[in-house]
file run27.cif (mmCIF, N, CA and C atoms)
data_work
loop_
_atom_site.label_atom_id
_atom_site.label_comp_id
_atom_site.auth_asym_id
_atom_site.auth_seq_id
_atom_site.Cartn_x
_atom_site.Cartn_y
_atom_site.Cartn_z
N MET A 1 17.65 97.94 -114.33
CA MET A 1 18.69 98.89 -114.63
C MET A 1 18.08 100.27 -114.70
N ASN A 2 18.80 101.25 -114.19
CA ASN A 2 18.32 102.62 -114.16
C ASN A 2 18.52 103.25 -115.52
N THR A 3 17.44 103.81 -116.10
CA THR A 3 17.54 104.39 -117.43
C THR A 3 17.70 105.90 -117.39
N GLU A 4 17.52 106.51 -116.24
CA GLU A 4 17.64 107.95 -116.13
C GLU A 4 19.12 108.35 -116.10
N PRO A 5 19.49 109.37 -116.87
CA PRO A 5 20.90 109.79 -116.86
C PRO A 5 21.25 110.54 -115.58
N ALA A 6 22.54 110.61 -115.31
CA ALA A 6 23.02 111.35 -114.14
C ALA A 6 22.77 112.83 -114.34
N SER A 7 22.72 113.58 -113.25
CA SER A 7 22.48 115.01 -113.34
C SER A 7 23.64 115.70 -114.06
N ASP A 8 23.36 116.86 -114.61
CA ASP A 8 24.39 117.62 -115.33
C ASP A 8 25.54 117.99 -114.40
N GLU A 9 25.21 118.31 -113.17
CA GLU A 9 26.24 118.69 -112.20
C GLU A 9 27.22 117.55 -111.96
N VAL A 10 26.71 116.34 -111.76
CA VAL A 10 27.57 115.18 -111.52
C VAL A 10 28.35 114.82 -112.78
N THR A 11 27.69 114.87 -113.93
CA THR A 11 28.36 114.56 -115.19
C THR A 11 29.51 115.54 -115.44
N ASP A 12 29.26 116.83 -115.18
CA ASP A 12 30.30 117.84 -115.34
C ASP A 12 31.45 117.62 -114.35
N SER A 13 31.11 117.24 -113.14
CA SER A 13 32.15 117.00 -112.12
C SER A 13 33.03 115.82 -112.53
N ILE A 14 32.40 114.76 -113.02
CA ILE A 14 33.16 113.58 -113.47
C ILE A 14 34.08 113.97 -114.62
N ALA A 15 33.57 114.73 -115.57
CA ALA A 15 34.38 115.16 -116.71
C ALA A 15 35.54 116.05 -116.27
N HIS A 16 35.29 116.96 -115.33
CA HIS A 16 36.33 117.84 -114.83
C HIS A 16 37.43 117.04 -114.12
N ILE A 17 37.03 116.09 -113.31
CA ILE A 17 37.99 115.25 -112.59
C ILE A 17 38.82 114.44 -113.59
N GLU A 18 38.18 113.92 -114.63
CA GLU A 18 38.90 113.13 -115.64
C GLU A 18 39.90 114.00 -116.41
N MET A 19 39.51 115.21 -116.79
CA MET A 19 40.44 116.11 -117.49
C MET A 19 41.63 116.46 -116.59
N HIS A 20 41.35 116.72 -115.33
CA HIS A 20 42.42 117.04 -114.38
C HIS A 20 43.35 115.83 -114.21
N ARG A 21 42.78 114.63 -114.16
CA ARG A 21 43.58 113.41 -114.02
C ARG A 21 44.51 113.25 -115.22
N GLN A 22 44.00 113.48 -116.43
CA GLN A 22 44.81 113.34 -117.63
C GLN A 22 45.96 114.35 -117.64
N GLU A 23 45.67 115.60 -117.26
CA GLU A 23 46.72 116.62 -117.22
C GLU A 23 47.78 116.28 -116.17
N MET A 24 47.32 115.84 -115.01
CA MET A 24 48.24 115.50 -113.93
C MET A 24 49.10 114.29 -114.30
N ALA A 25 48.54 113.34 -115.06
CA ALA A 25 49.29 112.16 -115.48
C ALA A 25 50.43 112.55 -116.42
N LYS A 26 50.23 113.62 -117.20
CA LYS A 26 51.28 114.09 -118.10
C LYS A 26 52.43 114.72 -117.32
N GLU A 27 52.08 115.45 -116.27
CA GLU A 27 53.07 116.18 -115.49
C GLU A 27 53.72 115.32 -114.41
N ALA A 28 52.95 114.48 -113.77
CA ALA A 28 53.45 113.65 -112.68
C ALA A 28 53.34 112.19 -113.11
N SER A 29 52.99 111.34 -112.20
CA SER A 29 52.85 109.92 -112.53
C SER A 29 51.38 109.55 -112.65
N LEU A 30 51.13 108.47 -113.37
CA LEU A 30 49.76 107.98 -113.53
C LEU A 30 49.18 107.58 -112.18
N ALA A 31 49.99 106.97 -111.34
CA ALA A 31 49.50 106.51 -110.04
C ALA A 31 49.02 107.67 -109.17
N SER A 32 49.79 108.74 -109.12
CA SER A 32 49.37 109.87 -108.28
C SER A 32 48.15 110.57 -108.87
N ALA A 33 48.08 110.65 -110.20
CA ALA A 33 46.92 111.27 -110.84
C ALA A 33 45.66 110.45 -110.58
N CYS A 34 45.76 109.15 -110.68
CA CYS A 34 44.60 108.28 -110.44
C CYS A 34 44.21 108.30 -108.97
N SER A 35 45.19 108.37 -108.10
CA SER A 35 44.91 108.40 -106.67
C SER A 35 44.08 109.64 -106.31
N GLU A 36 44.48 110.78 -106.84
CA GLU A 36 43.73 112.01 -106.56
C GLU A 36 42.34 111.95 -107.17
N ALA A 37 42.24 111.44 -108.39
CA ALA A 37 40.93 111.32 -109.05
C ALA A 37 40.01 110.38 -108.26
N LEU A 38 40.55 109.26 -107.79
CA LEU A 38 39.75 108.33 -106.99
C LEU A 38 39.24 108.99 -105.72
N ARG A 39 40.12 109.75 -105.08
CA ARG A 39 39.72 110.43 -103.83
C ARG A 39 38.56 111.38 -104.08
N LYS A 40 38.65 112.18 -105.15
CA LYS A 40 37.59 113.15 -105.47
C LYS A 40 36.29 112.44 -105.86
N LEU A 41 36.41 111.39 -106.66
CA LEU A 41 35.20 110.65 -107.07
C LEU A 41 34.54 109.99 -105.87
N GLN A 42 35.33 109.45 -104.97
CA GLN A 42 34.76 108.79 -103.79
C GLN A 42 34.10 109.80 -102.85
N GLU A 43 34.65 111.01 -102.79
CA GLU A 43 33.99 112.07 -102.00
C GLU A 43 32.62 112.40 -102.59
N LEU A 44 32.58 112.54 -103.92
CA LEU A 44 31.29 112.82 -104.58
C LEU A 44 30.31 111.67 -104.36
N LEU A 45 30.79 110.43 -104.46
CA LEU A 45 29.94 109.27 -104.25
C LEU A 45 29.37 109.27 -102.83
N LYS A 46 30.22 109.55 -101.86
CA LYS A 46 29.76 109.60 -100.46
C LYS A 46 28.68 110.67 -100.29
N HIS A 47 28.89 111.83 -100.92
CA HIS A 47 27.90 112.91 -100.85
C HIS A 47 26.56 112.46 -101.46
N GLU A 48 26.62 111.84 -102.61
CA GLU A 48 25.39 111.38 -103.28
C GLU A 48 24.68 110.30 -102.46
N GLN A 49 25.45 109.43 -101.82
CA GLN A 49 24.84 108.39 -100.98
C GLN A 49 24.16 109.00 -99.76
N GLU A 50 24.77 110.05 -99.20
CA GLU A 50 24.14 110.74 -98.07
C GLU A 50 22.84 111.42 -98.51
N GLU A 51 22.86 112.04 -99.68
CA GLU A 51 21.66 112.69 -100.22
C GLU A 51 20.56 111.67 -100.48
N LEU A 52 20.94 110.51 -100.97
CA LEU A 52 19.96 109.45 -101.22
C LEU A 52 19.30 109.03 -99.92
N GLN A 53 20.08 108.92 -98.85
CA GLN A 53 19.52 108.53 -97.56
C GLN A 53 18.61 109.61 -96.99
N LYS A 54 19.02 110.88 -97.19
CA LYS A 54 18.21 111.99 -96.67
C LYS A 54 16.90 112.13 -97.41
N ASN A 55 16.96 112.09 -98.73
CA ASN A 55 15.80 112.41 -99.56
C ASN A 55 15.00 111.19 -100.02
N GLY A 56 15.39 110.02 -99.64
CA GLY A 56 14.65 108.84 -100.04
C GLY A 56 15.09 108.34 -101.41
N PRO A 57 14.39 107.34 -101.91
CA PRO A 57 14.80 106.69 -103.16
C PRO A 57 14.51 107.55 -104.40
N ASP A 58 15.19 108.66 -104.51
CA ASP A 58 15.06 109.53 -105.68
C ASP A 58 15.89 108.93 -106.80
N SER A 59 15.29 108.75 -107.96
CA SER A 59 15.99 108.09 -109.06
C SER A 59 17.18 108.92 -109.55
N GLN A 60 17.14 110.23 -109.36
CA GLN A 60 18.27 111.08 -109.80
C GLN A 60 19.53 110.74 -109.01
N HIS A 61 19.39 110.54 -107.71
CA HIS A 61 20.54 110.19 -106.90
C HIS A 61 21.05 108.80 -107.25
N LYS A 62 20.15 107.89 -107.56
CA LYS A 62 20.56 106.55 -107.97
C LYS A 62 21.35 106.61 -109.26
N ALA A 63 20.91 107.42 -110.20
CA ALA A 63 21.63 107.58 -111.47
C ALA A 63 23.00 108.22 -111.24
N ASN A 64 23.06 109.20 -110.33
CA ASN A 64 24.33 109.83 -110.01
C ASN A 64 25.30 108.83 -109.39
N ILE A 65 24.79 108.01 -108.49
CA ILE A 65 25.62 106.99 -107.83
C ILE A 65 26.13 105.99 -108.86
N ALA A 66 25.27 105.58 -109.77
CA ALA A 66 25.69 104.63 -110.81
C ALA A 66 26.78 105.24 -111.70
N ALA A 67 26.64 106.51 -112.07
CA ALA A 67 27.65 107.18 -112.91
C ALA A 67 28.97 107.30 -112.16
N LEU A 68 28.91 107.67 -110.89
CA LEU A 68 30.14 107.81 -110.10
C LEU A 68 30.81 106.46 -109.88
N THR A 69 30.02 105.43 -109.64
CA THR A 69 30.58 104.09 -109.46
C THR A 69 31.29 103.63 -110.73
N GLY A 70 30.68 103.90 -111.88
CA GLY A 70 31.32 103.55 -113.15
C GLY A 70 32.62 104.30 -113.37
N ALA A 71 32.64 105.58 -113.02
CA ALA A 71 33.86 106.38 -113.17
C ALA A 71 34.95 105.87 -112.24
N ILE A 72 34.58 105.50 -111.03
CA ILE A 72 35.56 104.96 -110.07
C ILE A 72 36.15 103.66 -110.60
N GLU A 73 35.33 102.78 -111.13
CA GLU A 73 35.81 101.51 -111.67
C GLU A 73 36.75 101.74 -112.84
N ARG A 74 36.45 102.72 -113.68
CA ARG A 74 37.31 103.04 -114.83
C ARG A 74 38.69 103.48 -114.36
N VAL A 75 38.74 104.34 -113.36
CA VAL A 75 40.02 104.83 -112.84
C VAL A 75 40.77 103.69 -112.15
N LYS A 76 40.06 102.83 -111.45
CA LYS A 76 40.71 101.69 -110.80
C LYS A 76 41.35 100.77 -111.83
N ARG A 77 40.68 100.58 -112.96
CA ARG A 77 41.26 99.74 -114.02
C ARG A 77 42.55 100.36 -114.56
N LEU A 78 42.60 101.69 -114.61
CA LEU A 78 43.82 102.37 -115.08
C LEU A 78 44.99 102.12 -114.14
N THR A 79 44.71 102.07 -112.85
CA THR A 79 45.78 101.89 -111.87
C THR A 79 46.11 100.43 -111.65
N GLY A 80 45.25 99.53 -112.10
CA GLY A 80 45.50 98.11 -111.90
C GLY A 80 44.92 97.59 -110.60
N VAL A 81 44.16 98.37 -109.92
CA VAL A 81 43.52 97.93 -108.69
C VAL A 81 42.43 96.95 -109.04
N LYS A 82 42.45 95.79 -108.38
CA LYS A 82 41.46 94.76 -108.68
C LYS A 82 40.40 94.72 -107.59
N ASN A 83 39.21 94.35 -107.99
CA ASN A 83 38.14 94.14 -107.02
C ASN A 83 38.33 92.77 -106.38
N ALA A 84 37.47 92.44 -105.50
CA ALA A 84 37.54 91.15 -104.84
C ALA A 84 36.93 90.06 -105.71
N GLY A 85 36.88 90.29 -106.98
CA GLY A 85 36.30 89.33 -107.92
C GLY A 85 37.21 88.14 -108.12
N PRO A 86 36.83 87.25 -109.04
CA PRO A 86 37.61 86.04 -109.25
C PRO A 86 39.00 86.37 -109.79
N SER A 87 39.96 85.64 -109.30
CA SER A 87 41.34 85.84 -109.72
C SER A 87 41.63 85.05 -110.98
N LYS A 88 42.54 85.54 -111.79
CA LYS A 88 42.91 84.81 -112.99
C LYS A 88 43.95 83.75 -112.68
N ASP A 89 44.54 83.83 -111.48
CA ASP A 89 45.50 82.83 -111.06
C ASP A 89 44.74 81.58 -110.64
N ARG A 90 45.12 80.46 -111.17
CA ARG A 90 44.37 79.22 -110.90
C ARG A 90 44.71 78.60 -109.55
N ARG A 91 45.87 78.94 -109.02
CA ARG A 91 46.24 78.38 -107.73
C ARG A 91 45.66 79.22 -106.60
N PRO A 92 45.17 78.59 -105.55
CA PRO A 92 44.66 79.37 -104.41
C PRO A 92 45.78 80.16 -103.76
N GLU A 93 45.41 81.26 -103.13
CA GLU A 93 46.39 82.12 -102.45
C GLU A 93 47.14 81.30 -101.41
N GLY A 94 48.44 81.49 -101.32
CA GLY A 94 49.24 80.76 -100.35
C GLY A 94 49.71 79.42 -100.86
N ARG A 95 49.29 79.02 -102.02
CA ARG A 95 49.66 77.74 -102.59
C ARG A 95 50.49 77.90 -103.86
N ARG A 96 51.25 78.95 -103.92
CA ARG A 96 52.08 79.20 -105.09
C ARG A 96 53.21 78.17 -105.14
N GLN A 97 53.52 77.72 -106.31
CA GLN A 97 54.54 76.70 -106.46
C GLN A 97 55.92 77.36 -106.48
N THR A 98 56.77 76.96 -105.54
CA THR A 98 58.13 77.48 -105.48
C THR A 98 59.09 76.32 -105.63
N PRO A 99 60.20 76.56 -106.28
CA PRO A 99 61.15 75.45 -106.45
C PRO A 99 61.72 75.02 -105.10
N MET A 100 61.89 73.71 -104.95
CA MET A 100 62.43 73.18 -103.71
C MET A 100 63.94 73.28 -103.75
N ARG A 101 64.55 73.44 -102.60
CA ARG A 101 66.00 73.52 -102.53
C ARG A 101 66.62 72.19 -102.94
N GLY A 102 67.64 72.28 -103.76
CA GLY A 102 68.34 71.07 -104.17
C GLY A 102 67.66 70.34 -105.32
N ALA A 103 66.50 70.77 -105.71
CA ALA A 103 65.80 70.10 -106.80
C ALA A 103 66.26 70.70 -108.13
N ASN A 104 66.47 69.85 -109.10
CA ASN A 104 66.87 70.32 -110.42
C ASN A 104 65.69 70.98 -111.11
N ALA A 105 65.98 72.03 -111.85
CA ALA A 105 64.92 72.71 -112.57
C ALA A 105 64.45 71.90 -113.78
N GLY A 106 65.32 71.07 -114.29
CA GLY A 106 64.98 70.26 -115.46
C GLY A 106 65.81 68.99 -115.46
N PRO A 107 65.73 68.23 -116.53
CA PRO A 107 66.50 66.99 -116.58
C PRO A 107 68.00 67.29 -116.64
N ALA A 108 68.80 66.35 -116.14
CA ALA A 108 70.25 66.53 -116.14
C ALA A 108 70.76 66.55 -117.57
N ARG A 109 71.72 67.42 -117.80
CA ARG A 109 72.31 67.50 -119.15
C ARG A 109 73.58 66.67 -119.18
N ASN A 110 73.85 66.10 -120.31
CA ASN A 110 75.10 65.38 -120.51
C ASN A 110 76.12 66.40 -121.01
N LYS A 111 77.06 66.76 -120.16
CA LYS A 111 78.04 67.78 -120.50
C LYS A 111 79.27 67.18 -121.17
N GLY A 112 79.34 65.89 -121.24
CA GLY A 112 80.50 65.26 -121.86
C GLY A 112 81.70 65.28 -120.95
N ARG A 113 82.83 64.81 -121.48
CA ARG A 113 84.05 64.74 -120.69
C ARG A 113 84.77 66.07 -120.74
N ARG A 114 85.21 66.53 -119.60
CA ARG A 114 85.97 67.77 -119.53
C ARG A 114 87.43 67.42 -119.33
N THR A 115 88.26 68.06 -120.11
CA THR A 115 89.67 67.69 -120.08
C THR A 115 90.51 68.63 -119.24
N MET A 116 90.00 69.68 -118.73
CA MET A 116 90.72 70.61 -117.89
C MET A 116 91.93 71.19 -118.61
N GLY A 117 91.83 71.44 -119.87
CA GLY A 117 92.88 72.11 -120.62
C GLY A 117 93.96 71.21 -121.16
N ARG A 118 93.92 69.92 -120.88
CA ARG A 118 94.94 69.00 -121.40
C ARG A 118 94.38 68.33 -122.62
N ARG A 119 94.91 68.68 -123.76
CA ARG A 119 94.40 68.11 -125.01
C ARG A 119 95.21 66.88 -125.40
N GLY A 120 94.53 65.85 -125.67
CA GLY A 120 95.13 64.66 -126.25
C GLY A 120 96.05 63.88 -125.33
N GLU A 121 96.39 64.38 -124.21
CA GLU A 121 97.29 63.63 -123.30
C GLU A 121 96.46 62.83 -122.32
N ARG A 122 97.02 61.68 -121.97
CA ARG A 122 96.35 60.84 -121.01
C ARG A 122 97.17 60.60 -119.82
#
call {"tool": "encode", "arguments": {"input": "run27.cif", "output": "structure tokens"}}
result
Amino acid sequence: MNTEPASDEVTDSIAHIEMHRQEMAKEASLASACSEALRKLQELLKHEQEELQKNGPDSQHKANIAALTGAIERVKRLTGVKNAGPSKDRRPEGRRQTPMRGANAGPARNKGRRTMGRRGER
């Protein structure tokens, strides 16, 4: 695990994006605020990954990438976007149980005799 903290520039950028996301969520919707924040964070991540490739395995860029990745995951959790991780649904995809046509949802009820509005007469 990388123990070096992210650069001040990246930390400040993440904080600025988060503050902007919170303000935008108050004015607009959470989804649009998170969408914009994700776009900005992913742009920064792409930039840091390019710098890492250019300058070699510099630990500062690795720390920046780790901080940006964590911020992206946090925003994704806010929007409900899931990773390709294990699903909490126990049934495999495409195998959802749907009621069959004509099948009763439960046991038949005894509704008793219906008189159709005629009381006591036979």
call {"tool": "resolve_selection", "arguments": {"input": "run27.cif", "expression": "the PyMOL selection byres ((chain A and resi 39-48) around 8)", "output": "tab-separated table (two decimals) with N, CA and C atoms, in the coordinates of the input"}}
result
chain	number	residue	atom	x	y	z
A	13	SER	N	31.11	117.24	-113.14
A	13	SER	CA	32.15	117.00	-112.12
A	13	SER	C	33.03	115.82	-112.53
A	14	ILE	N	32.40	114.76	-113.02
A	14	ILE	CA	33.16	113.58	-113.47
A	14	ILE	C	34.08	113.97	-114.62
A	17	ILE	N	37.03	116.09	-113.31
A	17	ILE	CA	37.99	115.25	-112.59
A	17	ILE	C	38.82	114.44	-113.59
A	33	ALA	N	48.08	110.65	-110.20
A	33	ALA	CA	46.92	111.27	-110.84
A	33	ALA	C	45.66	110.45	-110.58
A	34	CYS	N	45.76	109.15	-110.68
A	34	CYS	CA	44.60	108.28	-110.44
A	34	CYS	C	44.21	108.30	-108.97
A	35	SER	N	45.19	108.37	-108.10
A	35	SER	CA	44.91	108.40	-106.67
A	35	SER	C	44.08	109.64	-106.31
A	36	GLU	N	44.48	110.78	-106.84
A	36	GLU	CA	43.73	112.01	-106.56
A	36	GLU	C	42.34	111.95	-107.17
A	37	ALA	N	42.24	111.44	-108.39
A	37	ALA	CA	40.93	111.32	-109.05
A	37	ALA	C	40.01	110.38	-108.26
A	38	LEU	N	40.55	109.26	-107.79
A	38	LEU	CA	39.75	108.33	-106.99
A	38	LEU	C	39.24	108.99	-105.72
A	49	GLN	N	25.45	109.43	-101.82
A	49	GLN	CA	24.84	108.39	-100.98
A	49	GLN	C	24.16	109.00	-99.76
A	50	GLU	N	24.77	110.05	-99.20
A	50	GLU	CA	24.14	110.74	-98.07
A	50	GLU	C	22.84	111.42	-98.51
A	51	GLU	N	22.86	112.04	-99.68
A	51	GLU	CA	21.66	112.69	-100.22
A	51	GLU	C	20.56	111.67	-100.48
A	52	LEU	N	20.94	110.51	-100.97
A	52	LEU	CA	19.96	109.45	-101.22
A	52	LEU	C	19.30	109.03	-99.92
A	53	GLN	N	20.08	108.92	-98.85
A	53	GLN	CA	19.52	108.53	-97.56
A	53	GLN	C	18.61	109.61	-96.99
A	54	LYS	N	19.02	110.88	-97.19
A	54	LYS	CA	18.21	111.99	-96.67
A	54	LYS	C	16.90	112.13	-97.41
A	61	HIS	N	19.39	110.54	-107.71
A	61	HIS	CA	20.54	110.19	-106.90
A	61	HIS	C	21.05	108.80	-107.25
A	62	LYS	N	20.15	107.89	-107.56
A	62	LYS	CA	20.56	106.55	-107.97
A	62	LYS	C	21.35	106.61	-109.26
A	64	ASN	N	23.06	109.20	-110.33
A	64	ASN	CA	24.33	109.83	-110.01
A	64	ASN	C	25.30	108.83	-109.39
A	65	ILE	N	24.79	108.01	-108.49
A	65	ILE	CA	25.62	106.99	-107.83
A	65	ILE	C	26.13	105.99	-108.86
A	68	LEU	N	28.91	107.67	-110.89
A	68	LEU	CA	30.14	107.81	-110.10
A	68	LEU	C	30.81	106.46	-109.88
A	69	THR	N	30.02	105.43	-109.64
A	69	THR	CA	30.58	104.09	-109.46
A	69	THR	C	31.29	103.63	-110.73
A	71	ALA	N	32.64	105.58	-113.02
A	71	ALA	CA	33.86	106.38	-113.17
A	71	ALA	C	34.95	105.87	-112.24
A	72	ILE	N	34.58	105.50	-111.03
A	72	ILE	CA	35.56	104.96	-110.07
A	72	ILE	C	36.15	103.66	-110.60
call {"tool": "atom_distance", "arguments": {"input": "run27.cif", "atom1": "atom CA of Pro5 of chain A", "atom2": "atom CA of Ala63 of chain A"}}
result
5.9 Å
call {"tool": "atom_distance", "arguments": {"input": "run27.cif", "atom1": "atom C of Glu27 of chain A", "atom2": "atom CA of Arg77 of chain A"}}
result
20.0 Å
